[in-house]
Amino acid sequence: MRDDESAAPPARRTPPLSSRRATRIGLIAIALWSTLALCTAATGRVPPFQLTALTFAIGGLVGVIAALRGPGLGVLRQRPAAWLHGVGGLFGYHFMYFTALKLAPPAEAGLIAYLWPLLIVLLSALLPGAGLKRAHVLGALLGLAGTGVLLMGKGGFSGFEARFLPGYLAALSCAFIWAIYSVAATRFADVPTQAVAGFCLATALLAALCHLAWEETVWPADTVQWAAVAALGIGPVGIAFYAWDIGMKRGDVGLLGVASYAAPVLSTLLLVAAGFAAARWPLLVACALIVGGAWIATRTGRQYANR
C-alpha cells in the first residue's frame with residue numbers, strides 16, 4: 001500500500017435525513033409561500049403567466065446552480081413518469097389556478113383552491129404505514145375553517161353561484177393537482193430534489209407559451225419591481241419547491257398538510273405589516289383556528305416525526 005493511500009482520511013458518509021428534519025425543511029416552504037402575496041403585489045402589473053414564466057425560470061436556475069455544485073446536471077435525466085409528475089404538478093396547478101381566477105370570483109375560487117392541505121391529509125392515509133390520523137383530519141378542518149373566515153373577511157365573498165361553476169371546477173382541479181403532486185412525491189423518492197430544477201424550467205417554458213397566446217406583455221416598471229420578481233423566483237417559487245419536495249418525500253406528510261394553512265394567515269399578516277391590507281377581526285379568528293388546528297395535529301405529528 002502506498003504511503004499516500006494509507007494517509008488518506010476515510011470517506012465520510014452523509015447521514016440519512018431524519019423525518020423530523022425533513023418536516024422542518026418542508027415548513028420552510030410554507031414560510032416562503034407566505035411571502036408570495038407581498039412579493040406579487042410589489043411586481044406591479046406583470047400578467048400572471050408572464051410572471052410565472054419569469055419566476056420559474058429564476059427558480060429553475062437556482063436548482064441548476066445547486067446541481068452544478070453537487071451531483072451535476074445528470075440529475076435532470078429522469079424517467080418520463082418523473083417529468084410528468086413534476087411538470088404536471090407545478091404547471092398544472094398554476095394553469096388551473098389562473099383559469100379559476102378568470103372564471104370565478106377570487107374569494108370563492110381561493111377558498112376552493114385551498115382545499116389542497118385537507119386533501120393532502122386525506123391522501124396521506126394511502127401512504128405505506130401511514131394510516132388516517134384523526135388529529136390531522138381535525139387540524140386540517142380547523143385550518144380550512146380559518147382560511148374560510150380569512151377569505152370571507154377580506155370582502156367580496158358573495159356566495160357560490162351556478163354561473164361560476166366552470167371556475168369552481170377549475171379551482172377544485174388545482175387543489176387536487178397540488179395534493180396529488182405532493183403526496184405522490186413519495187413514489188418518486190429516488191428522484192433527487194435537484195431534478196425539480198428541470199421541472200421548474202419546463203414550467204417556465206409552458207407558462208411563456210400561455211403568456212404569448214393569451215396575455216399582453218407588461219415588463220416590471222422599475223428596479224423595485226424587478227427585485228420583487230427576483231425575490232419571488234428565488235424564494236416562494238424557487239427554494240420553496242425544493243424544500244417542499246424534501247418534506248413530502250421524507251417528512252410527515254399529514255402534519256405538513258395541516259401546517260400549510262398557516263400560509264394565508266402569515267401572508268395576510270405580512271400584507272398588514274407592509275401597509276397593503278388592514279387588520280380586521282377575521283384575521284384574529286383565522287389565527288386562532290389555524291393555530292389550534294396545528295397544535296392538535298402536532299400532538300400526533302411528533303410521534304411520527306421521531307421515527
# chains A, B, ... in the order shown; residues from 1 in each chain; ligands from 1
$ residues_around --residues "Ala179 (chain A)" --least-positions-apart "2" --cutoff "10 Å" --atoms "only C-alpha atoms" --output "JSON, numbers by chain"
{"A": [89, 93, 115, 116, 117, 118, 119, 120, 121, 122, 123, 124, 173, 174, 175, 176, 177, 181, 182, 183, 184, 185, 257]}
$ write_last_selection --atoms "N, CA and C atoms" --output "short mmCIF file (atom, residue, chain, number, x, y, z; two decimals), in the first residue's frame"
data_model
loop_
_atom_site.label_atom_id
_atom_site.label_comp_id
_atom_site.auth_asym_id
_atom_site.auth_seq_id
_atom_site.Cartn_x
_atom_site.Cartn_y
_atom_site.Cartn_z
N GLY A 89 -47.53 18.65 -11.97
CA GLY A 89 -47.89 19.25 -10.70
C GLY A 89 -47.64 20.76 -10.68
N TYR A 93 -51.01 22.95 -11.65
CA TYR A 93 -51.62 23.71 -10.56
C TYR A 93 -51.78 25.17 -10.95
N LEU A 115 -58.41 23.92 -0.64
CA LEU A 115 -58.74 22.60 -0.10
C LEU A 115 -57.54 21.66 -0.16
N TRP A 116 -56.47 22.07 -0.85
CA TRP A 116 -55.36 21.12 -1.04
C TRP A 116 -54.69 20.68 0.26
N PRO A 117 -54.57 21.49 1.29
CA PRO A 117 -53.98 20.94 2.52
C PRO A 117 -54.82 19.82 3.12
N LEU A 118 -56.15 20.00 3.12
CA LEU A 118 -57.03 18.95 3.63
C LEU A 118 -56.91 17.69 2.77
N LEU A 119 -56.84 17.87 1.45
CA LEU A 119 -56.70 16.73 0.55
C LEU A 119 -55.38 16.01 0.78
N ILE A 120 -54.33 16.75 1.09
CA ILE A 120 -53.03 16.12 1.40
C ILE A 120 -53.17 15.24 2.63
N VAL A 121 -53.84 15.75 3.65
CA VAL A 121 -54.04 14.97 4.88
C VAL A 121 -54.80 13.69 4.57
N LEU A 122 -55.87 13.80 3.78
CA LEU A 122 -56.69 12.63 3.47
C LEU A 122 -55.92 11.64 2.59
N LEU A 123 -55.22 12.15 1.57
CA LEU A 123 -54.49 11.27 0.67
C LEU A 123 -53.27 10.63 1.34
N SER A 124 -52.74 11.29 2.37
CA SER A 124 -51.58 10.72 3.05
C SER A 124 -51.91 9.39 3.73
N SER A 173 -59.94 21.52 -9.32
CA SER A 173 -58.93 20.76 -10.05
C SER A 173 -57.53 21.12 -9.58
N CYS A 174 -57.28 22.41 -9.38
CA CYS A 174 -55.93 22.80 -8.97
C CYS A 174 -55.65 22.31 -7.55
N ALA A 175 -56.69 22.24 -6.69
CA ALA A 175 -56.50 21.69 -5.34
C ALA A 175 -56.11 20.21 -5.41
N PHE A 176 -56.81 19.45 -6.26
CA PHE A 176 -56.49 18.03 -6.40
C PHE A 176 -55.11 17.84 -7.04
N ILE A 177 -54.78 18.66 -8.03
CA ILE A 177 -53.49 18.53 -8.71
C ILE A 177 -52.35 18.71 -7.71
N TYR A 181 -49.85 15.81 -6.51
CA TYR A 181 -48.42 16.03 -6.76
C TYR A 181 -47.62 15.89 -5.48
N SER A 182 -48.12 16.48 -4.41
CA SER A 182 -47.38 16.47 -3.13
C SER A 182 -47.28 15.07 -2.55
N VAL A 183 -48.42 14.39 -2.44
CA VAL A 183 -48.42 13.06 -1.82
C VAL A 183 -47.71 12.04 -2.72
N ALA A 184 -47.89 12.16 -4.03
CA ALA A 184 -47.25 11.22 -4.95
C ALA A 184 -45.74 11.37 -4.99
N ALA A 185 -45.22 12.47 -4.42
CA ALA A 185 -43.77 12.66 -4.39
C ALA A 185 -43.07 11.50 -3.68
N GLY A 257 -49.36 19.00 5.70
CA GLY A 257 -50.63 19.41 5.12
C GLY A 257 -51.38 20.35 6.03
#
$ residues_around --residues "Glu108 (chain A)" --least-positions-apart "4" --cutoff "12 Å" --atoms "only C-alpha atoms" --output "ChimeraX atom specification"
/A:97,100-104,112-115,147-161,164-165,167-172
$ closest_residue --among "A:Cys200, A:Ile246, A:Val46, A:Ala109" --to "Gly26 (chain A)" --atoms "only C-alpha atoms"
A:Ile246
$ atom_distance --atom1 "CA of Leu289 (chain A)" --atom2 "CA of Leu232 (chain A)"
28.2 Å
$ select_by_dssp --residues "region 129-261 of chain A" --states "helix (DSSP H, G or I)" --output "PyMOL selection string"
chain A and resi 134-153+162-188+193-214+223-250+253-259
$ residues_around --residues "region 33-36 of chain A" --least-positions-apart "6" --cutoff "7 Å" --atoms "only C-alpha atoms" --output "PyMOL selection string"
chain A and resi 232+236+263-264+266-267
$ atom_distance --atom1 "CA of Met248 (chain A)" --atom2 "CA of Thr40 (chain A)"
25.4 Å
$ residues_around --residues "region 202-218 of chain A" --least-positions-apart "3" --cutoff "10 Å" --atoms "only C-alpha atoms" --output "PyMOL selection string"
chain A and resi 44-60+83+86-92+94-95+196-199+221
